[in-house]
Every structure is written in structure tokens, then in C-alpha cells.
Amino acid sequence: MKARTVKRHGRESFKSLWRNGWMTFASISSVTITLLLVGVFFVIMMNLNEVATTIEENVEIRVHVDQTATKEDQAALEDKIKGISDVASVTFSAKQQELDNLIKSFGDQGDAYELFQQDNPLSDVFVVKTKDPNDTKKVAKEIEKFDNAATVKYGQGTVDRLFNVINVSRNVGIVLIAGLLFTAMFLISNTIKITIVARRKEIEIMRLVGATNWFIRWPFFLEGMWLGVLGSIIPIGLVSVIYYYAYEYLQPKLAGNYIQVLDFTPFVYQVGALLLLMGAVIGIWGSVMSIRKFLKV
């Protein structure tokens, strides 16, 4: 395509935006609101996914060894656990280490448990992690059947609810984002339809003098793209600002915790690029759908 032709298409697309001022404003506003909601949902969903992934990676099974078990019994139990195909790792934690961890977890109030140093009532523990966190319950049930496995704990109920909430949140987020994007495409499509109706005579004359279908369609593609790109500018700025303050507020509170939110950079740049791309794509797609249905050339 010649540079002069490209310049002409760009000029025509901007003229069309100006001629249909109110519809242009309505479409850009719609894209702005839609992409703002998409951006917020996306940021929340990605951070929830990061938190969920971190939690999933830290889900573990704690196998308390029977206090009457000998060293040979413990070794046999460990071998059986390691023999389960879904097990990723098995770590031994002696009862003295368990008591030290318990005292440490209570902070200043942990001194009250110092009296147990002479007669430790806790058990040795095998900490088990599975290859897939969703297999935690299945593996725990299998370990419960082994000899000398006194109690097996993995956060029963809590882990199941956690995985259910994670899966529901991911699915709901995807559906909401898809619905919002469809709404934006529909409104941009309507704007292009009005433009096509207003320029039917011009299009007919262009066809009579030999203009190709693509020559006629290009300004509409560009118009849709401009609507999407212009509508993405404000959401990019607002999402960046909102996430900056949210990050500055949350990060110090989560310091030292295994739960973390995504770093401000490069995440905010990735979100900005995604919103800009989404704006352009839904704008062009709205134009394509409109042209296919209403532009009889």
C-alpha cells in the first residue's frame, strides 16, 4: 500500500470520528469504562492467582509419627510415603524442632511452653508436599492407612474450600472480562454502522469509479482502532495509579509473609500494554463485524 494511500485512509478515519462526534464520544466512553473494569478485574485476578499459586505451593501434609515407633519404624514409614507416585518431597522434623517452632510462633507468650523442654509431648513429623496441590487430600488419605502414622493433617476442609474458591474466582473473572469486551465491541460496531449509513452514497460513487473493497474498508478499520486506542488511554493511567497506591499500602503489611502481590514493575507495564492491545483489537473487531453485516460492497 502506497504512503499516499495510507495517509488518505488515516485522514478519512479521523474525519469520520469528528463527523460522528457524539457517537464517537459514546464509543470512547464505553471503551474507557469497559477497559477500566477489565483492567481492575485483571489486576485483581492476576494477584489472586499469584496468591493462590503461592498458597498452593505451601500446602503440605503433616504426618505425626506414633510416639511408640522405633527408628526402624520411622524409616519404613518414610520409605512408604516416598513410594507414593504423587509425592514430590518428604522432610523430617524432629519433635524438638516442632517444639521450638511452636514456642517461636507464639512470640513473647511462647515462654509459657518452655516447661515442655524437659518432657516434650509432641511427635516427630514428616512434612509431605505433593507434585500437584490438588492431590493433597488423596495422598493424605493414603498415608493415613500406613502403620505408625498417628495423625495426618493437611488443613482438611480449609484446603478443599480454598481450591474451590480459587477455581470459582478464576472462572468468574474470565467470564466477566469476556462479557465486558463483548459489550465494547458491540458499541464500537454500532458507531461504525452509523458511519457506513451516512456515507453510503460516497461509497457507491467510489465503487463506480473502480475503488476496491479493501480501499473502502480500510478507513473503517482505522476508525475502529482509533476508538479502541483512545478509549484505552484513561484506563491505563487510572489502573496504574490505583495499583501503585494499593501496592504501596499492601507491600509493607505483607513483608515477611509468604503471601505476596505482584511487583509494581514490570506488572503495570504489562497491564498497560495489554489494555492498549485490547482496545485496538476490540475496535478493529467491532469494525469488521459491522462491515461484514452492513457494508454491501
# chains A, B, ... in the order shown; residues from 1 in each chain; ligands from 1
>>> residues_around(residues="region 272-281 of chain A", least_positions_apart="2", cutoff="8 Å", atoms="only C-alpha atoms", output="list in words")
Val31, Leu35, Gly39, Gly224, Met225, Trp226, Leu227, Gly228, Val229, Leu230, Gly231, Ser232, Ile233, Pro235, Ile236, Ser240, Val268, Tyr269, Gln270, Gly283, Ile284 and Trp285 of chain A
>>> residues_around(residues="Val261 (chain A)", least_positions_apart="4", cutoff="8 Å", atoms="only C-alpha atoms", output="ChimeraX atom specification")
/A:47,50-51,247,250-251
>>> closest_residue(among="A:Ile33, A:Val63, A:Leu48, A:Ile143", to="Gln260 (chain A)", atoms="only C-alpha atoms")
A:Leu48
>>> closest_residue(among="A:Ala149, A:Val241, A:Leu37, A:Ile282", to="Thr68 (chain A)", atoms="only C-alpha atoms")
A:Ala149
>>> select_by_dssp(residues="region 42-257 of chain A", states="alpha helix (DSSP H)", output="ChimeraX atom specification")
/A:42-58,71-82,95-105,136-143,158-198,200-208,213-254
>>> residues_around(residues="Glu57 (chain A)", least_positions_apart="4", cutoff="10 Å", atoms="only C-alpha atoms", output="list in words")
Val51, Ala52, Thr53, Lys129, Thr130, Lys131, Asp132 and Pro133 of chain A
>>> atom_distance(atom1="CA of Val127 (chain A)", atom2="CA of Ile61 (chain A)")
5.8 Å
>>> closest_residue(among="A:Asp147, A:Asp66, A:Asp135, A:Glu60", to="Asp86 (chain A)", atoms="only C-alpha atoms")
A:Asp135
>>> closest_atom_pairs(of="region 73-186 of chain A", to="region 42-45 of chain A", cutoff="8 Å", atoms="only C-alpha atoms", output="CSV")
residue,atom,partner,partner_atom,distance
A:Ser169,CA,A:Met45,CA,7.6
A:Arg170,CA,A:Met45,CA,6.8
A:Gly173,CA,A:Met45,CA,6.5
A:Ile177,CA,A:Phe42,CA,7.8
>>> atom_distance(atom1="CA of Val38 (chain A)", atom2="CA of Leu176 (chain A)")
8.1 Å
>>> decode(residues="region 205-222 of chain A", atoms="N, CA and C atoms", output="tab-separated table (two decimals), in the first residue's frame")
chain	number	residue	atom	x	y	z
A	205	ILE	N	-20.33	5.83	-5.03
A	205	ILE	CA	-19.56	6.56	-6.06
A	205	ILE	C	-18.15	5.98	-6.18
A	206	MET	N	-17.54	5.68	-5.03
A	206	MET	CA	-16.19	5.11	-5.04
A	206	MET	C	-16.16	3.77	-5.77
A	207	ARG	N	-17.21	2.97	-5.59
A	207	ARG	CA	-17.28	1.69	-6.29
A	207	ARG	C	-17.42	1.89	-7.80
A	208	LEU	N	-18.21	2.91	-8.18
A	208	LEU	CA	-18.44	3.17	-9.61
A	208	LEU	C	-17.16	3.61	-10.32
A	209	VAL	N	-16.26	4.29	-9.59
A	209	VAL	CA	-15.01	4.74	-10.22
A	209	VAL	C	-13.89	3.70	-10.06
A	210	GLY	N	-14.22	2.52	-9.53
A	210	GLY	CA	-13.25	1.43	-9.51
A	210	GLY	C	-12.54	1.17	-8.21
A	211	ALA	N	-12.99	1.75	-7.10
A	211	ALA	CA	-12.34	1.50	-5.81
A	211	ALA	C	-12.59	0.06	-5.37
A	212	THR	N	-11.56	-0.58	-4.85
A	212	THR	CA	-11.68	-1.96	-4.39
A	212	THR	C	-12.35	-2.01	-3.02
A	213	ASN	N	-12.79	-3.21	-2.65
A	213	ASN	CA	-13.43	-3.38	-1.34
A	213	ASN	C	-12.48	-2.98	-0.20
A	214	TRP	N	-11.22	-3.41	-0.30
A	214	TRP	CA	-10.27	-3.11	0.75
A	214	TRP	C	-9.97	-1.62	0.84
A	215	PHE	N	-9.94	-0.94	-0.29
A	215	PHE	CA	-9.70	0.51	-0.29
A	215	PHE	C	-10.81	1.21	0.48
A	216	ILE	N	-12.03	0.73	0.33
A	216	ILE	CA	-13.17	1.33	1.02
A	216	ILE	C	-13.19	0.96	2.50
A	217	ARG	N	-12.77	-0.24	2.79
A	217	ARG	CA	-12.88	-0.74	4.17
A	217	ARG	C	-11.80	-0.20	5.11
A	218	TRP	N	-10.62	0.11	4.58
A	218	TRP	CA	-9.51	0.50	5.44
A	218	TRP	C	-9.83	1.66	6.39
A	219	PRO	N	-10.48	2.74	5.93
A	219	PRO	CA	-10.80	3.83	6.86
A	219	PRO	C	-11.66	3.38	8.04
A	220	PHE	N	-12.55	2.41	7.79
A	220	PHE	CA	-13.41	1.92	8.86
A	220	PHE	C	-12.59	1.09	9.87
A	221	PHE	N	-11.65	0.28	9.35
A	221	PHE	CA	-10.78	-0.46	10.25
A	221	PHE	C	-9.99	0.50	11.15
A	222	LEU	N	-9.42	1.53	10.53
A	222	LEU	CA	-8.64	2.51	11.29
A	222	LEU	C	-9.51	3.26	12.29
